[in-house]
>>> print(open('protein-v3.csv').read())   # CSV, C-alpha atoms
chain,number,residue,atom,x,y,z
A,30,MET,CA,-8.4,-67.2,23.1
A,31,LEU,CA,-11.6,-66.8,25.1
A,32,PHE,CA,-9.8,-68.0,28.2
A,33,GLU,CA,-7.0,-65.5,27.8
A,34,THR,CA,-9.6,-62.8,27.3
A,35,MET,CA,-11.3,-63.8,30.5
A,36,LYS,CA,-8.0,-63.7,32.4
A,37,LEU,CA,-7.4,-60.1,31.1
A,38,ALA,CA,-10.9,-59.1,32.0
A,39,TRP,CA,-10.5,-60.6,35.5
A,40,ARG,CA,-7.2,-58.8,36.0
A,41,ALA,CA,-8.8,-55.5,35.1
A,42,ILE,CA,-11.8,-56.1,37.4
A,43,THR,CA,-9.6,-57.1,40.4
A,44,ARG,CA,-7.3,-54.1,39.8
A,45,ASN,CA,-9.8,-51.9,41.6
A,46,MET,CA,-12.1,-54.1,43.7
A,47,LEU,CA,-14.0,-51.3,45.4
A,48,ARG,CA,-15.0,-49.7,42.1
A,49,SER,CA,-16.0,-53.1,40.7
A,50,PHE,CA,-18.1,-53.8,43.7
A,51,LEU,CA,-19.9,-50.5,43.5
A,52,THR,CA,-20.4,-51.0,39.8
A,53,VAL,CA,-22.3,-54.2,40.2
A,54,LEU,CA,-24.2,-53.1,43.3
A,55,GLY,CA,-27.1,-52.0,41.1
A,56,VAL,CA,-27.4,-55.4,39.5
A,57,VAL,CA,-27.0,-57.1,42.8
A,58,ILE,CA,-29.9,-55.1,44.3
A,59,GLY,CA,-32.1,-55.5,41.2
A,60,VAL,CA,-31.7,-59.3,41.0
A,61,ALA,CA,-32.1,-59.7,44.8
A,62,ALA,CA,-35.2,-57.6,44.8
A,63,VAL,CA,-36.8,-59.5,42.0
A,64,ILE,CA,-35.9,-62.9,43.5
A,65,ALA,CA,-37.1,-61.9,47.0
A,66,MET,CA,-40.4,-60.3,45.8
A,67,VAL,CA,-41.3,-63.3,43.6
A,68,THR,CA,-40.4,-65.9,46.2
A,69,VAL,CA,-42.3,-64.2,49.0
A,70,GLY,CA,-45.3,-63.7,46.6
A,71,ASN,CA,-45.3,-67.3,45.6
A,72,GLY,CA,-45.1,-68.3,49.3
A,73,THR,CA,-48.1,-66.1,50.1
A,74,THR,CA,-50.1,-67.5,47.2
A,75,ALA,CA,-49.3,-71.1,48.4
A,76,LYS,CA,-50.3,-70.2,51.9
A,77,VAL,CA,-53.6,-68.7,50.7
A,78,ARG,CA,-54.3,-71.9,48.7
A,79,GLU,CA,-53.5,-74.1,51.7
A,80,GLU,CA,-55.8,-72.1,54.0
A,81,LEU,CA,-58.6,-72.2,51.5
A,82,SER,CA,-58.2,-75.9,50.9
A,83,ARG,CA,-58.7,-76.5,54.6
A,84,LEU,CA,-62.3,-75.3,54.3
A,85,GLY,CA,-62.8,-77.9,51.6
A,86,THR,CA,-64.1,-77.5,48.1
A,87,ASN,CA,-67.7,-78.1,49.1
A,88,THR,CA,-68.2,-74.8,51.0
A,89,LEU,CA,-70.3,-71.9,49.6
A,90,PHE,CA,-70.8,-68.4,50.9
A,91,VAL,CA,-74.0,-66.4,50.5
A,92,ARG,CA,-73.9,-62.7,51.1
A,93,PRO,CA,-76.2,-59.7,50.3
A,94,GLY,CA,-75.0,-57.5,47.5
A,95,GLN,CA,-72.7,-58.1,44.6
A,96,TRP,CA,-69.1,-58.5,45.7
A,97,GLY,CA,-66.0,-57.9,43.7
A,98,PRO,CA,-63.8,-54.9,42.7
A,99,GLY,CA,-66.1,-51.9,42.7
A,100,ARG,CA,-69.2,-54.0,43.2
A,101,ALA,CA,-69.7,-54.2,47.0
A,102,SER,CA,-73.3,-53.2,47.7
A,103,VAL,CA,-74.2,-51.7,51.1
A,104,GLU,CA,-77.9,-51.2,50.1
A,105,ALA,CA,-78.9,-54.8,49.5
A,106,LYS,CA,-81.2,-56.1,52.2
A,107,ARG,CA,-79.9,-58.7,54.6
A,108,PHE,CA,-81.2,-62.2,54.9
A,109,THR,CA,-83.9,-63.4,57.3
A,110,GLU,CA,-84.3,-66.6,59.4
A,111,SER,CA,-87.0,-67.6,56.9
A,112,ASP,CA,-84.4,-67.5,54.1
A,113,VAL,CA,-82.3,-69.9,56.2
A,114,VAL,CA,-85.2,-72.2,56.8
A,115,ALA,CA,-86.1,-72.2,53.1
A,116,ILE,CA,-82.6,-73.2,52.1
A,117,GLN,CA,-82.5,-76.0,54.7
A,118,GLU,CA,-85.9,-77.4,53.5
A,119,GLN,CA,-85.8,-76.8,49.8
A,120,ILE,CA,-82.2,-77.3,48.8
A,121,SER,CA,-81.1,-80.9,48.7
A,122,GLY,CA,-77.6,-82.3,49.3
A,123,LEU,CA,-76.6,-79.9,52.1
A,124,ARG,CA,-74.5,-81.0,55.1
A,125,ALA,CA,-74.7,-77.7,57.0
A,126,VAL,CA,-76.4,-74.4,56.7
A,127,ALA,CA,-74.9,-71.8,59.1
A,128,PRO,CA,-76.4,-68.3,59.4
A,129,ILE,CA,-73.8,-65.8,60.6
A,130,ASN,CA,-73.7,-62.3,62.2
A,131,ARG,CA,-70.4,-60.7,63.1
A,132,SER,CA,-69.3,-57.8,65.3
A,133,THR,CA,-66.3,-56.6,67.2
A,134,GLN,CA,-66.6,-56.4,71.0
A,135,THR,CA,-64.4,-56.3,74.0
A,136,ALA,CA,-64.3,-59.5,76.0
A,137,VAL,CA,-63.6,-59.1,79.7
A,138,VAL,CA,-62.5,-61.7,82.3
A,139,GLY,CA,-61.5,-60.4,85.7
A,140,GLY,CA,-58.9,-57.7,85.1
A,141,GLN,CA,-58.1,-58.9,81.5
A,142,ASN,CA,-59.8,-57.7,78.4
A,143,ARG,CA,-59.4,-58.1,74.7
A,144,SER,CA,-61.1,-56.7,71.6
A,145,THR,CA,-62.1,-59.6,69.5
A,146,SER,CA,-64.5,-60.9,66.8
A,147,ILE,CA,-67.9,-62.1,68.0
A,148,ILE,CA,-69.6,-64.5,65.8
A,149,GLY,CA,-73.3,-65.3,66.2
A,150,SER,CA,-74.3,-68.6,64.6
A,151,THR,CA,-75.3,-72.2,65.2
A,152,ASN,CA,-73.6,-75.6,65.6
A,153,ASP,CA,-73.6,-75.8,61.8
A,154,TYR,CA,-71.0,-73.1,61.8
A,155,LEU,CA,-68.5,-75.4,63.3
A,156,LEU,CA,-69.3,-78.1,60.8
A,157,SER,CA,-69.2,-75.8,57.8
A,158,GLN,CA,-65.9,-74.2,58.8
A,159,ASP,CA,-64.3,-77.5,59.8
A,160,TRP,CA,-63.8,-76.4,63.4
A,161,THR,CA,-63.1,-79.0,66.1
A,162,LEU,CA,-63.4,-78.6,69.9
A,163,ALA,CA,-60.2,-79.1,71.9
A,164,ASN,CA,-62.3,-78.9,75.1
A,165,GLY,CA,-65.9,-78.7,76.1
A,166,ARG,CA,-69.0,-79.1,74.0
A,167,SER,CA,-71.2,-77.4,71.3
A,168,PHE,CA,-74.5,-75.6,71.8
A,169,THR,CA,-77.5,-77.4,73.2
A,170,SER,CA,-81.0,-76.8,71.7
A,171,ALA,CA,-81.9,-74.5,74.5
A,172,GLU,CA,-78.7,-72.4,74.0
A,173,GLU,CA,-79.4,-72.2,70.2
A,174,ARG,CA,-82.8,-70.7,71.1
A,175,GLY,CA,-81.0,-67.8,72.9
A,176,GLN,CA,-79.6,-69.0,76.2
A,177,ALA,CA,-76.2,-67.4,77.1
A,178,ALA,CA,-73.3,-69.6,76.2
A,179,CYS,CA,-70.1,-69.2,74.1
A,180,ILE,CA,-67.3,-71.1,72.6
A,181,ILE,CA,-63.9,-69.4,72.5
A,182,GLY,CA,-60.9,-69.6,70.2
A,183,ASP,CA,-57.5,-70.6,71.4
A,184,THR,CA,-56.1,-67.0,71.4
A,185,ILE,CA,-58.9,-65.9,73.7
A,186,ARG,CA,-58.2,-68.8,76.0
A,187,ARG,CA,-54.5,-68.0,76.2
A,188,GLU,CA,-54.9,-64.2,76.6
A,189,LEU,CA,-57.9,-64.1,79.0
A,190,PHE,CA,-57.6,-67.4,80.9
A,191,GLY,CA,-53.9,-68.2,80.8
A,192,SER,CA,-53.1,-71.8,81.7
A,193,GLY,CA,-56.4,-72.3,83.5
A,194,ASN,CA,-59.4,-74.2,82.2
A,195,PRO,CA,-61.9,-71.7,80.8
A,196,VAL,CA,-64.8,-74.2,80.5
A,197,GLY,CA,-67.4,-73.3,83.1
A,198,GLN,CA,-66.1,-69.8,83.7
A,199,VAL,CA,-67.8,-66.6,82.5
A,200,VAL,CA,-66.6,-64.0,80.0
A,201,ARG,CA,-68.4,-60.7,79.8
A,202,ILE,CA,-69.1,-59.4,76.3
A,203,GLY,CA,-70.7,-56.0,76.3
A,204,THR,CA,-73.6,-56.4,78.8
A,205,VAL,CA,-73.8,-60.2,78.3
A,206,ALA,CA,-72.3,-62.5,80.9
A,207,CYS,CA,-71.5,-65.6,78.8
A,208,PRO,CA,-70.6,-68.9,80.3
A,209,VAL,CA,-67.8,-70.7,78.4
A,210,ILE,CA,-68.9,-74.1,77.3
A,211,GLY,CA,-66.1,-75.0,74.8
A,212,VAL,CA,-62.7,-74.2,73.4
A,213,LEU,CA,-61.9,-74.5,69.7
A,214,ALA,CA,-58.8,-76.3,68.5
A,215,ALA,CA,-56.1,-73.9,67.3
A,216,LYS,CA,-55.9,-73.1,63.6
A,217,GLY,CA,-53.4,-70.3,63.5
A,218,GLN,CA,-53.2,-67.5,61.0
A,219,SER,CA,-55.3,-67.5,57.8
A,220,GLY,CA,-53.7,-66.9,54.4
A,221,MET,CA,-54.5,-63.2,54.7
A,222,GLY,CA,-52.7,-62.9,58.1
A,223,ASP,CA,-55.7,-62.9,60.3
A,224,ASP,CA,-55.7,-64.8,63.6
A,225,GLN,CA,-58.5,-67.4,63.2
A,226,ASP,CA,-58.3,-68.3,66.9
A,227,ASP,CA,-59.1,-64.7,68.0
A,228,ALA,CA,-62.9,-65.1,68.1
A,229,ILE,CA,-65.8,-66.0,70.3
A,230,ILE,CA,-68.8,-67.9,69.0
A,231,MET,CA,-72.2,-67.5,70.6
A,232,PRO,CA,-75.7,-68.6,69.6
A,233,LEU,CA,-77.2,-66.5,66.7
A,234,LYS,CA,-80.3,-65.5,68.6
A,235,LEU,CA,-78.3,-64.3,71.6
A,236,HIS,CA,-76.1,-62.2,69.3
A,237,GLN,CA,-79.2,-60.8,67.5
A,238,ARG,CA,-81.0,-59.9,70.8
A,239,ARG,CA,-78.1,-58.7,73.0
A,240,ILE,CA,-75.2,-57.7,70.7
A,241,GLY,CA,-76.5,-56.8,67.2
A,242,GLY,CA,-80.0,-55.6,68.1
A,243,THR,CA,-81.4,-57.0,64.8
A,244,THR,CA,-83.3,-60.0,63.6
A,245,THR,CA,-81.6,-60.1,60.2
A,246,ILE,CA,-78.7,-62.2,59.1
A,247,SER,CA,-75.5,-60.8,57.5
A,248,SER,CA,-74.3,-64.0,55.7
A,249,ILE,CA,-74.9,-67.7,55.3
A,250,THR,CA,-72.3,-70.4,54.9
A,251,LEU,CA,-73.3,-73.7,53.2
A,252,SER,CA,-71.5,-77.0,53.2
A,253,ALA,CA,-72.5,-79.5,50.5
A,254,ALA,CA,-72.5,-83.2,51.3
A,255,ASP,CA,-69.8,-85.4,50.0
A,256,GLY,CA,-70.3,-86.2,46.3
A,257,VAL,CA,-72.7,-83.3,45.7
A,258,SER,CA,-71.8,-80.8,43.1
A,259,THR,CA,-71.3,-77.3,44.5
A,260,ALA,CA,-72.2,-75.8,41.1
A,261,LYS,CA,-75.6,-77.6,41.3
A,262,VAL,CA,-76.2,-76.4,44.9
A,263,GLN,CA,-75.1,-72.8,43.9
A,264,ALA,CA,-77.6,-72.7,41.0
A,265,GLN,CA,-80.4,-74.0,43.3
A,266,VAL,CA,-79.7,-71.4,46.0
A,267,GLU,CA,-79.5,-68.6,43.4
A,268,THR,CA,-82.9,-69.6,42.0
A,269,LEU,CA,-84.5,-69.9,45.4
A,270,LEU,CA,-83.2,-66.5,46.7
A,271,ARG,CA,-84.2,-64.7,43.5
A,272,GLU,CA,-87.8,-66.0,44.1
A,273,ARG,CA,-87.8,-65.1,47.8
A,274,ARG,CA,-86.3,-61.6,47.1
A,275,ARG,CA,-88.7,-61.0,44.2
A,276,ILE,CA,-86.0,-60.2,41.7
A,277,ALA,CA,-87.6,-59.7,38.2
A,278,PHE,CA,-86.3,-61.6,35.2
A,279,GLY,CA,-83.3,-59.9,33.6
A,280,LYS,CA,-82.5,-58.0,36.8
A,281,GLU,CA,-79.1,-58.4,38.5
A,282,ASP,CA,-79.0,-60.4,41.7
A,283,ASP,CA,-78.8,-58.3,44.9
A,284,PHE,CA,-76.9,-61.2,46.6
A,285,SER,CA,-73.9,-63.3,45.7
A,286,VAL,CA,-73.2,-67.0,46.1
A,287,SER,CA,-69.6,-68.1,45.7
A,288,ASP,CA,-67.8,-71.3,46.2
A,289,MET,CA,-64.2,-72.0,47.4
A,290,THR,CA,-63.0,-72.5,43.9
A,291,GLN,CA,-64.1,-69.0,42.8
A,292,ILE,CA,-62.7,-67.4,46.0
A,293,ALA,CA,-59.4,-69.3,45.7
A,294,SER,CA,-59.1,-68.3,42.0
A,295,ALA,CA,-59.8,-64.6,42.9
A,296,MET,CA,-57.4,-64.5,45.8
A,297,THR,CA,-54.5,-66.3,44.2
A,298,GLY,CA,-55.0,-64.2,41.0
A,299,THR,CA,-54.7,-61.1,43.1
A,300,THR,CA,-51.6,-62.2,44.9
A,301,ALA,CA,-50.1,-63.4,41.6
A,302,LEU,CA,-50.8,-59.9,40.0
A,303,LEU,CA,-49.3,-58.1,43.0
A,304,THR,CA,-46.2,-60.4,42.8
A,305,GLY,CA,-45.8,-59.6,39.1
A,306,LEU,CA,-46.2,-55.9,39.7
A,307,LEU,CA,-43.7,-55.8,42.5
A,308,GLY,CA,-41.3,-58.0,40.5
A,309,SER,CA,-41.6,-55.6,37.5
A,310,VAL,CA,-40.8,-52.6,39.7
A,311,ALA,CA,-37.8,-54.3,41.2
A,312,ALA,CA,-36.6,-55.2,37.7
A,313,VAL,CA,-36.2,-51.5,36.9
A,314,SER,CA,-33.2,-51.4,39.3
A,315,LEU,CA,-31.6,-53.9,36.9
A,316,LEU,CA,-31.6,-51.3,34.2
A,317,VAL,CA,-30.2,-48.8,36.6
A,318,GLY,CA,-27.4,-51.3,37.4
A,319,GLY,CA,-26.8,-51.7,33.6
A,320,ILE,CA,-26.4,-47.9,33.2
A,321,GLY,CA,-23.9,-48.0,36.1
A,322,ILE,CA,-21.9,-50.7,34.4
A,323,MET,CA,-21.8,-48.7,31.1
A,324,ASN,CA,-20.7,-45.5,32.9
A,325,ILE,CA,-17.8,-47.3,34.7
A,326,MET,CA,-16.8,-49.1,31.5
A,327,LEU,CA,-16.6,-45.7,29.7
A,328,VAL,CA,-14.4,-44.5,32.5
A,329,SER,CA,-12.3,-47.6,32.3
A,330,VAL,CA,-11.8,-47.1,28.5
A,331,THR,CA,-10.7,-43.6,29.1
A,332,GLU,CA,-8.2,-44.6,31.8
A,333,ARG,CA,-6.8,-47.4,29.6
A,334,THR,CA,-6.5,-45.5,26.4
A,335,ARG,CA,-2.7,-45.9,26.2
A,336,GLU,CA,-3.0,-49.6,26.9
A,337,ILE,CA,-5.5,-49.9,24.1
A,338,GLY,CA,-3.2,-48.0,21.8
A,339,ILE,CA,-0.3,-50.2,22.5
A,340,ARG,CA,-2.4,-53.4,21.9
A,341,LEU,CA,-3.6,-52.0,18.6
A,342,ALA,CA,-0.1,-50.9,17.6
A,343,ILE,CA,1.4,-54.3,18.1
A,344,GLY,CA,-1.2,-56.1,16.0
A,345,ALA,CA,-4.3,-56.6,18.1
A,346,LEU,CA,-7.5,-56.6,16.0
A,347,GLU,CA,-10.5,-54.4,16.7
A,348,GLY,CA,-12.5,-57.5,17.4
A,349,GLN,CA,-10.1,-58.6,20.1
A,350,VAL,CA,-10.2,-55.3,21.9
A,351,LEU,CA,-14.0,-55.3,21.6
A,352,ARG,CA,-14.2,-58.8,23.0
A,353,GLN,CA,-11.9,-57.9,25.9
A,354,PHE,CA,-14.1,-55.0,27.2
A,355,LEU,CA,-17.4,-56.8,26.4
A,356,VAL,CA,-16.3,-59.9,28.4
A,357,GLU,CA,-15.2,-57.6,31.2
A,358,ALA,CA,-18.7,-56.0,31.3
A,359,VAL,CA,-20.5,-59.4,31.1
A,360,MET,CA,-18.3,-60.8,33.9
A,361,LEU,CA,-19.2,-57.8,36.1
A,362,SER,CA,-22.9,-58.3,35.4
A,363,LEU,CA,-22.8,-62.1,35.9
A,364,PHE,CA,-21.0,-61.6,39.2
A,365,GLY,CA,-23.7,-59.2,40.2
A,366,GLY,CA,-26.4,-61.6,39.1
A,367,ILE,CA,-25.0,-64.5,41.1
A,368,SER,CA,-24.6,-62.4,44.2
A,369,GLY,CA,-28.1,-61.0,43.7
A,370,ILE,CA,-29.6,-64.5,43.5
A,371,LEU,CA,-27.9,-65.6,46.7
A,372,LEU,CA,-28.9,-62.4,48.5
A,373,GLY,CA,-32.4,-62.5,47.2
A,374,LEU,CA,-33.0,-66.1,48.3
A,375,GLY,CA,-31.5,-65.2,51.8
A,376,LEU,CA,-33.8,-62.2,52.1
A,377,ALA,CA,-36.8,-64.2,50.9
A,378,TYR,CA,-36.1,-67.0,53.4
A,379,GLY,CA,-36.0,-64.4,56.3
A,380,VAL,CA,-39.2,-62.7,55.2
A,381,VAL,CA,-41.2,-66.0,54.7
A,382,SER,CA,-40.0,-67.2,58.1
A,383,LEU,CA,-41.3,-64.0,59.7
A,384,LEU,CA,-44.6,-64.3,57.8
A,385,ARG,CA,-44.9,-68.0,58.4
A,386,VAL,CA,-45.6,-68.8,54.8
A,387,PRO,CA,-43.9,-71.6,52.7
A,388,PHE,CA,-40.5,-70.9,51.1
A,389,VAL,CA,-41.4,-71.6,47.4
A,390,VAL,CA,-38.4,-71.2,45.1
A,391,ASN,CA,-39.2,-70.6,41.4
A,392,PRO,CA,-36.3,-71.9,39.3
A,393,THR,CA,-37.7,-70.1,36.2
A,394,ILE,CA,-37.5,-66.6,37.7
A,395,ILE,CA,-33.9,-67.4,39.0
A,396,THR,CA,-32.9,-68.4,35.5
A,397,ILE,CA,-34.5,-65.4,33.9
A,398,ALA,CA,-32.8,-63.1,36.4
A,399,PHE,CA,-29.4,-64.7,35.7
A,400,VAL,CA,-29.8,-64.5,32.0
A,401,PHE,CA,-31.2,-61.0,32.2
A,402,SER,CA,-28.1,-59.9,34.2
A,403,ALA,CA,-25.9,-61.3,31.4
A,404,VAL,CA,-27.9,-59.6,28.7
A,405,ILE,CA,-27.7,-56.3,30.7
A,406,GLY,CA,-23.9,-56.7,30.7
A,407,MET,CA,-23.8,-57.3,26.9
A,408,ILE,CA,-26.1,-54.4,26.0
A,409,PHE,CA,-24.6,-51.8,28.3
A,410,GLY,CA,-21.1,-53.0,27.8
A,411,TYR,CA,-21.2,-53.0,24.0
A,412,PHE,CA,-21.0,-49.2,23.6
A,413,PRO,CA,-17.8,-48.7,25.7
A,414,ALA,CA,-16.2,-51.8,24.1
A,415,ARG,CA,-17.1,-50.5,20.7
A,416,ARG,CA,-15.6,-47.2,21.6
A,417,ALA,CA,-12.4,-48.8,22.7
A,418,ALA,CA,-12.1,-51.0,19.5
A,419,MET,CA,-12.7,-48.0,17.2
A,420,MET,CA,-9.7,-46.0,18.6
A,421,LYS,CA,-6.9,-45.1,16.3
A,422,PRO,CA,-3.6,-46.4,17.6
A,423,ILE,CA,-1.7,-43.2,17.1
A,424,ASP,CA,-4.3,-41.1,18.9
A,425,ALA,CA,-4.5,-43.6,21.7
A,426,LEU,CA,-0.7,-43.5,22.2
A,427,ARG,CA,-0.7,-39.7,22.3
A,428,HIS,CA,-3.3,-39.7,25.1
A,429,GLU,CA,-2.2,-38.5,28.5
>>> encode(input="protein-v3.csv", output="structure tokens")
Amino acid sequence: MLFETMKLAWRAITRNMLRSFLTVLGVVIGVAAVIAMVTVGNGTTAKVREELSRLGTNTLFVRPGQWGPGRASVEAKRFTESDVVAIQEQISGLRAVAPINRSTQTAVVGGQNRSTSIIGSTNDYLLSQDWTLANGRSFTSAEERGQAACIIGDTIRRELFGSGNPVGQVVRIGTVACPVIGVLAAKGQSGMGDDQDDAIIMPLKLHQRRIGGTTTISSITLSAADGVSTAKVQAQVETLLRERRRIAFGKEDDFSVSDMTQIASAMTGTTALLTGLLGSVAAVSLLVGGIGIMNIMLVSVTERTREIGIRLAIGALEGQVLRQFLVEAVMLSLFGGISGILLGLGLAYGVVSLLRVPFVVNPTIITIAFVFSAVIGMIFGYFPARRAAMMKPIDALRHE
């Protein structure tokens, strides 16, 4: 009986293929949008986790001010070199302590120039950020005391020096003629889409004196030794800095110390939230598609009134007529759901390929989208089917 009902429903659907296609288009778009949004979001989240894991779980970031939604402080005083020395001498279990100042400057080599990120730090910066040198060397003690020298990222090497060897050549940064002593190994884009190789590292004292014009430090990156708990190091650093910055008991810190676990949790939580919101917005089009199915099914019932009357007159039961139109609506919706899943996966694959993030398929969301499309067909197809089943045979046969 069900097979015969499906054959009748398929015959009615294929009778007008263009109208049937336009009917399910809303469901196709809705399912495709949900699948694509969630898949791209999952890929972005996986990329963020991968990039953060490269820095290791033993890295901590110390910044002035309290950071978070609505909490960034621009009034908190920056750190000093004595703060860095105190951390190095009084906190045990540290592998690297890297003071950092950043700015954006134009780097010039001959007739080529490029606006890039200038990082003032020490050799500990390479250690804390897990950077390796593809060519050249790190800073000498004389250079760390302020002698001009710089280490460039792979993007700077490619854009300003081409295929030549940049080591030994000079790059001008503002008014500083900076000899290139090393080239960093390529890392590529970060999880947030930034080019990690588009940077130049110079000694902190050189940056302070010739670029930043300040003796303060904007942030400090710490790397705990293997086997040392970052939570323990974090607590020690917070206690030390509260003492040095003379923060009274009960007062909120005017600095923040965060480890990679906290940062990873915050960033992946944000991407997951955005994925959920985008998926919810896309799901609204499924409801629009359901309304389209209901409208066309109502038109179909009106067009086939005489057919319904004949079926009822020769003995068809109301339940059989109801089932016929309900199965037709569900088949339309399921066809739209399957097409939407294939289209959504195709779109997601194209987008993640462009963004260079992993293609992470979520079977759960695919199942939910498929089941939801079937439920949409049942809900929005029931009223037209019920209307057809409740017709009186004599009135249906008189319909023109």
>>> closest_residue(input="protein-v3.csv", among="A:Arg385, A:Arg274, A:Arg239, A:Arg40", to="Thr204 (chain A)", atoms="all atoms listed in the file")
A:Arg239
>>> atom_distance(input="protein-v3.csv", atom1="CA of Ile64 (chain A)", atom2="CA of Met323 (chain A)")
23.5 Å
>>> residues_around(input="protein-v3.csv", residues="Ile230 (chain A)", least_positions_apart="4", cutoff="6 Å", atoms="all atoms listed in the file", output="count of residues only")
5
>>> closest_residue(input="protein-v3.csv", among="A:Ser285, A:Gln237, A:Asn194, A:Gln119", to="Gly175 (chain A)", atoms="all atoms listed in the file")
A:Gln237
>>> atom_distance(input="protein-v3.csv", atom1="CA of Val196 (chain A)", atom2="CA of Thr133 (chain A)")
22.1 Å
>>> closest_residue(input="protein-v3.csv", among="A:Val138, A:Leu383, A:Val359, A:Val389", to="Ile185 (chain A)", atoms="only C-alpha atoms")
A:Val138
>>> residues_near_point(input="protein-v3.csv", point="(-23.2, -58.9, 40.1)", cutoff="9 Å", atoms="all atoms listed in the file", output="ChimeraX atom specification")
/A:50,52-58,60,360-369,402
>>> closest_atom_pairs(input="protein-v3.csv", of="region 234-296 of chain A", to="region 150-161 of chain A", cutoff="12 Å", atoms="only C-alpha atoms", output="Markdown table")
| residue | atom | partner | partner_atom | distance |
| --- | --- | --- | --- | --- |
| A:Lys234 | CA | A:Ser150 | CA | 7.8 |
| A:Leu235 | CA | A:Ser150 | CA | 9.1 |
| A:His236 | CA | A:Ser150 | CA | 8.1 |
| A:Gln237 | CA | A:Ser150 | CA | 9.7 |
| A:Ile246 | CA | A:Ser150 | CA | 9.5 |
| A:Ser247 | CA | A:Ser150 | CA | 10.6 |
| A:Ser248 | CA | A:Ser150 | CA | 10.0 |
| A:Ile249 | CA | A:Tyr154 | CA | 9.3 |
| A:Thr250 | CA | A:Ser157 | CA | 6.9 |
| A:Leu251 | CA | A:Ser157 | CA | 6.5 |
| A:Ser252 | CA | A:Ser157 | CA | 5.3 |
| A:Ala253 | CA | A:Ser157 | CA | 8.8 |
| A:Ala254 | CA | A:Ser157 | CA | 10.4 |
| A:Met289 | CA | A:Gln158 | CA | 11.7 |
>>> atom_distance(input="protein-v3.csv", atom1="CA of Arg143 (chain A)", atom2="CA of Leu233 (chain A)")
21.2 Å
>>> decode(input="protein-v3.csv", residues="region 256-280 of chain A", atoms="C-alpha atoms", output="PDB file, in the first residue's frame")
ATOM      1  CA  GLY A 256      56.938  19.172  33.454  1.00  0.00           C
ATOM      2  CA  VAL A 257      56.265  22.506  35.183  1.00  0.00           C
ATOM      3  CA  SER A 258      52.615  23.366  35.807  1.00  0.00           C
ATOM      4  CA  THR A 259      51.574  26.558  34.004  1.00  0.00           C
ATOM      5  CA  ALA A 260      48.916  27.101  36.682  1.00  0.00           C
ATOM      6  CA  LYS A 261      51.633  27.223  39.337  1.00  0.00           C
ATOM      7  CA  VAL A 262      53.755  29.613  37.253  1.00  0.00           C
ATOM      8  CA  GLN A 263      50.708  31.777  36.561  1.00  0.00           C
ATOM      9  CA  ALA A 264      49.919  32.071  40.273  1.00  0.00           C
ATOM     10  CA  GLN A 265      53.531  32.995  41.085  1.00  0.00           C
ATOM     11  CA  VAL A 266      53.654  35.644  38.342  1.00  0.00           C
ATOM     12  CA  GLU A 267      50.358  37.167  39.464  1.00  0.00           C
ATOM     13  CA  THR A 268      51.580  37.379  43.079  1.00  0.00           C
ATOM     14  CA  LEU A 269      54.906  38.924  42.035  1.00  0.00           C
ATOM     15  CA  LEU A 270      53.326  41.523  39.748  1.00  0.00           C
ATOM     16  CA  ARG A 271      50.722  42.498  42.362  1.00  0.00           C
ATOM     17  CA  GLU A 272      53.564  43.210  44.760  1.00  0.00           C
ATOM     18  CA  ARG A 273      55.623  45.137  42.204  1.00  0.00           C
ATOM     19  CA  ARG A 274      52.636  47.182  40.992  1.00  0.00           C
ATOM     20  CA  ARG A 275      51.512  47.829  44.595  1.00  0.00           C
ATOM     21  CA  ILE A 276      47.970  46.534  44.154  1.00  0.00           C
ATOM     22  CA  ALA A 277      46.147  46.569  47.479  1.00  0.00           C
ATOM     23  CA  PHE A 278      44.466  43.457  48.862  1.00  0.00           C
ATOM     24  CA  GLY A 279      40.959  43.053  47.412  1.00  0.00           C
ATOM     25  CA  LYS A 280      41.669  45.308  44.421  1.00  0.00           C
TER      26      LYS A 280
END
